[in-house]
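Novice: See start09.cif below, with mmCIF, C-alpha atoms and all ligand atoms.
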data_coords
loop_
_atom_site.label_atom_id
_atom_site.label_comp_id
_atom_site.auth_asym_id
_atom_site.auth_seq_id
_atom_site.Cartn_x
_atom_site.Cartn_y
_atom_site.Cartn_z
CA MET A 1 -9.01 -63.54 48.03
CA LYS A 2 -12.15 -62.03 46.69
CA LYS A 3 -11.56 -58.85 48.66
CA SER A 4 -8.10 -58.10 47.30
CA HIS A 5 -9.38 -58.61 43.77
CA LEU A 6 -11.95 -55.94 44.42
CA MET A 7 -9.28 -53.64 45.79
CA ARG A 8 -7.31 -54.01 42.61
CA LEU A 9 -10.26 -53.12 40.49
CA ARG A 10 -10.82 -50.01 42.56
CA TYR A 11 -7.20 -49.07 42.30
CA ALA A 12 -7.28 -49.59 38.54
CA SER A 13 -10.25 -47.29 38.05
CA PHE A 14 -8.61 -44.72 40.31
CA ALA A 15 -5.49 -44.87 38.14
CA VAL A 16 -7.56 -44.41 34.98
CA GLY A 17 -9.23 -41.47 36.60
CA LEU A 18 -5.86 -39.95 37.41
CA ALA A 19 -4.66 -40.45 33.87
CA LEU A 20 -7.76 -38.76 32.44
CA ALA A 21 -7.35 -35.87 34.82
CA ALA A 22 -3.74 -35.51 33.74
CA ILE A 23 -4.75 -35.46 30.07
CA ALA A 24 -7.46 -32.90 30.76
CA ALA A 25 -4.91 -30.73 32.52
CA LEU A 26 -2.39 -30.94 29.66
CA PRO A 27 -3.44 -27.93 27.57
CA VAL A 28 -3.59 -25.82 30.68
CA ALA A 29 -0.13 -26.92 31.69
CA SER A 30 1.40 -26.19 28.30
CA SER A 31 -0.23 -22.78 28.01
CA ALA A 32 1.43 -21.87 31.27
CA GLN A 33 4.79 -21.90 29.49
CA PRO A 34 5.16 -18.55 27.74
CA ALA A 35 8.14 -19.74 25.67
CA THR A 36 5.91 -22.02 23.57
CA GLN A 37 3.37 -19.30 22.83
CA PRO A 38 3.53 -17.45 19.51
CA VAL A 39 4.77 -13.92 19.94
CA THR A 40 1.84 -11.56 19.63
CA GLN A 41 2.09 -9.30 16.61
CA PRO A 42 2.58 -5.63 17.33
CA THR A 43 -0.23 -3.47 16.04
CA PHE A 44 0.16 -2.14 12.53
CA THR A 45 1.79 1.18 11.98
CA PRO A 46 1.95 2.64 8.49
CA ARG A 47 5.72 2.69 8.63
CA ASP A 48 5.76 -1.10 8.69
CA GLU A 49 5.45 -0.84 4.94
CA ASP A 50 8.59 -0.42 2.90
CA VAL A 51 8.63 2.09 0.10
CA LYS A 52 10.74 -0.36 -1.91
CA ASN A 53 7.83 -2.77 -2.13
CA PHE A 54 5.90 -0.41 -4.37
CA PRO A 55 6.46 0.16 -8.09
CA GLU A 56 9.49 2.28 -8.82
CA GLY A 57 8.98 5.48 -10.68
CA ALA A 58 9.08 9.23 -10.45
CA GLY A 59 7.22 10.42 -7.39
CA ARG A 60 7.16 7.13 -5.57
CA ASP A 61 8.97 8.30 -2.46
CA GLU A 62 7.09 11.60 -2.30
CA THR A 63 3.75 9.83 -2.62
CA PHE A 64 4.57 7.08 -0.19
CA TYR A 65 5.84 9.31 2.58
CA PHE A 66 3.17 11.92 2.13
CA CYS A 67 0.26 9.51 2.28
CA THR A 68 1.67 7.21 4.97
CA ALA A 69 1.84 10.11 7.39
CA CYS A 70 -1.74 9.08 8.16
CA HIS A 71 -2.49 5.62 6.89
CA ALA A 72 -1.15 2.51 5.26
CA PHE A 73 -0.09 2.89 1.66
CA LYS A 74 -2.13 -0.23 1.03
CA ILE A 75 -5.26 1.93 1.30
CA VAL A 76 -3.94 3.88 -1.65
CA THR A 77 -2.62 0.98 -3.70
CA GLN A 78 -5.82 -1.02 -3.58
CA GLN A 79 -7.52 1.76 -5.54
CA GLY A 80 -7.41 2.13 -9.29
CA MET A 81 -8.33 5.56 -10.61
CA THR A 82 -7.78 8.00 -13.42
CA ARG A 83 -5.79 11.16 -12.81
CA ASP A 84 -9.03 13.13 -12.49
CA GLN A 85 -10.37 10.72 -9.93
CA TRP A 86 -7.10 10.79 -7.98
CA ASN A 87 -7.30 14.54 -8.09
CA GLU A 88 -10.79 14.37 -6.59
CA SER A 89 -9.55 11.94 -3.95
CA LEU A 90 -6.84 14.38 -2.91
CA ASN A 91 -9.45 17.12 -2.58
CA TRP A 92 -11.60 14.81 -0.54
CA MET A 93 -8.64 13.78 1.59
CA THR A 94 -8.01 17.44 2.37
CA GLU A 95 -11.64 18.37 3.02
CA ARG A 96 -12.72 15.28 4.86
CA HIS A 97 -9.52 14.10 6.52
CA LYS A 98 -7.53 17.31 6.93
CA MET A 99 -4.71 16.24 4.65
CA PRO A 100 -2.39 19.19 4.07
CA GLU A 101 -3.40 20.56 0.71
CA LEU A 102 -1.12 19.48 -2.09
CA LYS A 103 -0.25 22.25 -4.47
CA GLY A 104 1.78 22.97 -7.58
CA LYS A 105 4.63 20.66 -8.42
CA ASP A 106 4.11 18.41 -5.40
CA ARG A 107 0.58 17.74 -6.49
CA ASP A 108 1.66 17.06 -10.07
CA VAL A 109 4.35 14.64 -9.01
CA ILE A 110 2.04 12.69 -6.73
CA LEU A 111 -0.86 12.67 -9.18
CA ALA A 112 1.43 11.44 -11.94
CA TYR A 113 2.69 8.60 -9.81
CA LEU A 114 -0.80 7.56 -8.70
CA ALA A 115 -2.32 7.77 -12.18
CA THR A 116 0.56 5.84 -13.72
CA HIS A 117 0.78 3.01 -11.24
CA TYR A 118 -2.73 2.90 -9.85
CA ALA A 119 -4.87 3.36 -12.91
CA PRO A 120 -8.39 1.89 -13.13
CA LYS A 121 -8.25 -1.85 -12.58
CA ALA A 122 -9.80 -2.79 -15.91
CA GLN A 123 -6.63 -1.66 -17.65
CA THR A 124 -4.47 -4.06 -15.73
CA GLY A 125 -6.43 -7.04 -17.10
CA SER A 126 -4.41 -6.98 -20.29
CA ARG A 127 -1.25 -7.69 -18.32
CA GLY A 128 -2.46 -11.24 -17.79
CA TRP A 129 -2.15 -13.18 -14.59
CA GLN A 130 -1.17 -11.08 -11.61
CA ASN A 131 0.41 -12.56 -8.56
CA PRO A 132 -2.16 -11.77 -5.86
CA PHE A 133 0.58 -11.70 -3.23
CA ALA A 134 2.85 -9.31 -5.01
CA PRO A 135 2.80 -5.77 -3.66
CA GLN A 136 0.75 -3.58 -5.92
C1 LIG B 1 -3.87 13.98 7.20
C2 LIG B 1 -4.08 12.56 7.10
C3 LIG B 1 -4.12 11.93 5.72
C4 LIG B 1 -3.19 12.04 4.71
C5 LIG B 1 -1.87 12.81 4.69
C6 LIG B 1 -3.68 11.18 3.65
N1 LIG B 1 -4.85 10.59 4.01
FE1 LIG B 1 -5.93 9.28 2.89
N2 LIG B 1 -7.20 8.97 4.44
C7 LIG B 1 -7.14 9.62 5.65
C8 LIG B 1 -8.16 9.09 6.51
C9 LIG B 1 -8.43 9.53 7.95
C10 LIG B 1 -8.83 8.09 5.76
C11 LIG B 1 -10.01 7.24 6.20
C12 LIG B 1 -9.69 6.35 7.31
C13 LIG B 1 -8.98 5.12 6.92
O1 LIG B 1 -9.50 4.40 6.05
O2 LIG B 1 -7.89 4.82 7.48
C14 LIG B 1 -8.19 8.04 4.47
C15 LIG B 1 -8.58 7.19 3.45
C16 LIG B 1 -8.03 7.18 2.19
C17 LIG B 1 -8.48 6.37 1.08
C18 LIG B 1 -9.58 5.33 1.14
C19 LIG B 1 -10.86 5.89 0.66
C20 LIG B 1 -11.92 4.82 0.64
O3 LIG B 1 -12.90 5.02 -0.07
O4 LIG B 1 -11.77 3.82 1.34
C21 LIG B 1 -7.70 6.67 0.00
C22 LIG B 1 -7.80 6.13 -1.40
C23 LIG B 1 -6.75 7.66 0.44
N3 LIG B 1 -6.98 7.96 1.78
C24 LIG B 1 -5.79 8.23 -0.37
C25 LIG B 1 -4.77 9.04 0.09
C26 LIG B 1 -3.65 9.44 -0.72
C27 LIG B 1 -3.42 9.06 -2.17
C28 LIG B 1 -2.86 10.20 0.08
C29 LIG B 1 -1.53 10.83 -0.28
C30 LIG B 1 -1.52 11.69 -1.42
C31 LIG B 1 -3.50 10.30 1.38
N4 LIG B 1 -4.66 9.57 1.35
C32 LIG B 1 -3.00 11.00 2.45
C33 LIG B 1 -6.25 10.61 6.02
C34 LIG B 1 -5.15 11.01 5.27
#
Show me the file's structure as C-alpha cells.

Specialist:
Amino acid sequence: MKKSHLMRLRYASFAVGLALAAIAALPVASSAQPATQPVTQPTFTPRDEDVKNFPEGAGRDETFYFCTACHAFKIVTQQGMTRDQWNESLNWMTERHKMPELKGKDRDVILAYLATHYAPKAQTGSRGWQNPFAPQ
C-alpha cells in the first residue's frame, strides 16, 4: 500500500517535469515554423521613396531623381536651408561626393525647388502644428 503511494508521487513529479520541459521547449518549437515569422524587411534603396510623397512644385521631379541617384531623398528633406546654403551644399556634394556638377537651368530649377520647400526650419514654425509623420 505504502509502496504504490510512493510510486504515484514519483510518477506525478515526473509528469510535472515533462510538462515544464514541454513549456521550455515551446518558443523553440514555434520559431521552427517559418510561416509565423515576420518577413524580414529588404534593405533600403533610395527608390523605395515615391516622388509623389514630396511637396508638389516646379522642379520636384528633377530634384528628386537627381539626388536619389545616390541617397534617400529624406537626407535632403530633413535639411532646411536658404538658397545660398543649398547652393553651397551642391558645391560640397560635387567636391566631396562626386555629384555630377549641376549647371545653368538645371541648377536653377533644383535650387528653386529646394529653397522653396526646404527653407530654414525657423520659418516653418509660423505654419503651426506639423504632423511629424507627414512626408516633408
Ligand atoms: C553622386 C552621388 C550624390 C548625388 C547625386 C547627391 N548626393 Fe548628396 N550625398 C552624397 C553622399 C555620398 C552623402 C553622404 C553619405 C550619406 O549620408 O548617405 C550625401 C549627403 C548629403 C546630405 C547630408 C549632408 C549632411 O550634413 O548630413 C545632403 C543635404 C545632400 N547630400 C544633398 C544632396 C542634394 C540636394 C542632392 C541633389 C541635388 C544630392 N545630395 C545628390 C552623394 C550624392

Novice: Hey, which bits of chain A sit within 7 Å of ligand LIG 1 (chain B), and for each residue what's the closest pair of atoms and how far apart in Å (one decimal), counting all atoms listed in the file, rows by chain and increasing number, as JSON lines?

Specialist:
{"residue": "A:Thr63", "atom": "CA", "partner": "B:LIG1", "partner_atom": "C30", "distance": 5.7}
{"residue": "A:Phe66", "atom": "CA", "partner": "B:LIG1", "partner_atom": "C29", "distance": 5.4}
{"residue": "A:Cys67", "atom": "CA", "partner": "B:LIG1", "partner_atom": "C29", "distance": 3.4}
{"residue": "A:Thr68", "atom": "CA", "partner": "B:LIG1", "partner_atom": "C32", "distance": 6.5}
{"residue": "A:Ala69", "atom": "CA", "partner": "B:LIG1", "partner_atom": "C5", "distance": 5.3}
{"residue": "A:Cys70", "atom": "CA", "partner": "B:LIG1", "partner_atom": "C2", "distance": 4.3}
{"residue": "A:His71", "atom": "CA", "partner": "B:LIG1", "partner_atom": "O2", "distance": 5.5}
{"residue": "A:Ile75", "atom": "CA", "partner": "B:LIG1", "partner_atom": "C21", "distance": 5.5}
{"residue": "A:Val76", "atom": "CA", "partner": "B:LIG1", "partner_atom": "C22", "distance": 4.5}
{"residue": "A:Gln79", "atom": "CA", "partner": "B:LIG1", "partner_atom": "C22", "distance": 6.0}
{"residue": "A:Ser89", "atom": "CA", "partner": "B:LIG1", "partner_atom": "C24", "distance": 6.4}
{"residue": "A:Leu90", "atom": "CA", "partner": "B:LIG1", "partner_atom": "C30", "distance": 6.1}
{"residue": "A:Met93", "atom": "CA", "partner": "B:LIG1", "partner_atom": "FE1", "distance": 5.4}
{"residue": "A:His97", "atom": "CA", "partner": "B:LIG1", "partner_atom": "C33", "distance": 4.8}
{"residue": "A:Lys98", "atom": "CA", "partner": "B:LIG1", "partner_atom": "C1", "distance": 5.0}
{"residue": "A:Met99", "atom": "CA", "partner": "B:LIG1", "partner_atom": "C1", "distance": 3.5}
{"residue": "A:Pro100", "atom": "CA", "partner": "B:LIG1", "partner_atom": "C1", "distance": 6.3}
{"residue": "A:Ile110", "atom": "CA", "partner": "B:LIG1", "partner_atom": "C30", "distance": 6.5}

Novice: Of the residues A:Thr94, A:Lys105, A:Thr82, A:Tyr113, which is the one nearest to Phe64 (chain A), using all atoms listed in the file?

Specialist: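 Counting all atoms listed in the file, the residue closest to Phe64 (chain A) is A:Tyr113.
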
Novice: Quick one: everything within 10 Å of Thr116 (chain A), counting all atoms listed in the file, minus sequence neighbours fewer than 2 positions away in the same chain. Send it as a VMD selection string.

Specialist: chain A and resid 55 57 to 58 80 to 83 110 to 114 118 to 120

Novice: Taking (9.8, -1.1, 0.6) in the coordinates of the supplied file, I want to know which residues reach to within 12 Å of it, counting all atoms listed in the file; could you give the answer as a list in words?

Specialist: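 Within 12 Å of (9.8, -1.1, 0.6), the protein and nucleic acid residues are Pro46, Arg47, Asp48, Glu49, Asp50, Val51, Lys52, Asn53, Phe54, Pro55, Glu56, Arg60, Asp61, Phe64, Tyr65, Phe73, Lys74, Pro135 and Gln136 of chain A.
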
Novice: What does the distance between CA of Arg107 (chain A) and CA of Ala72 (chain A) come to in Å, to one decimal place?

Specialist: 19.3 Å

Novice: For CA of Asp84 (chain A) and CA of Glu101 (chain A), quote the distance in Å rounded to one decimal.

Specialist: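 CA of Glu101 (chain A) lies 16.2 Å from CA of Asp84 (chain A).
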
Novice: Just give me the gap between CA of Phe133 (chain A) and CA of Gln85 (chain A) in Å, one decimal is fine.

Specialist: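 Interatomic distance here is 25.8 Å.
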
Novice: Which one of A:Lys103, A:Asp108, A:Ala115, A:Lys121 sits closest to Trp86 (chain A) if you count all atoms listed in the file?

Specialist: A:Ala115
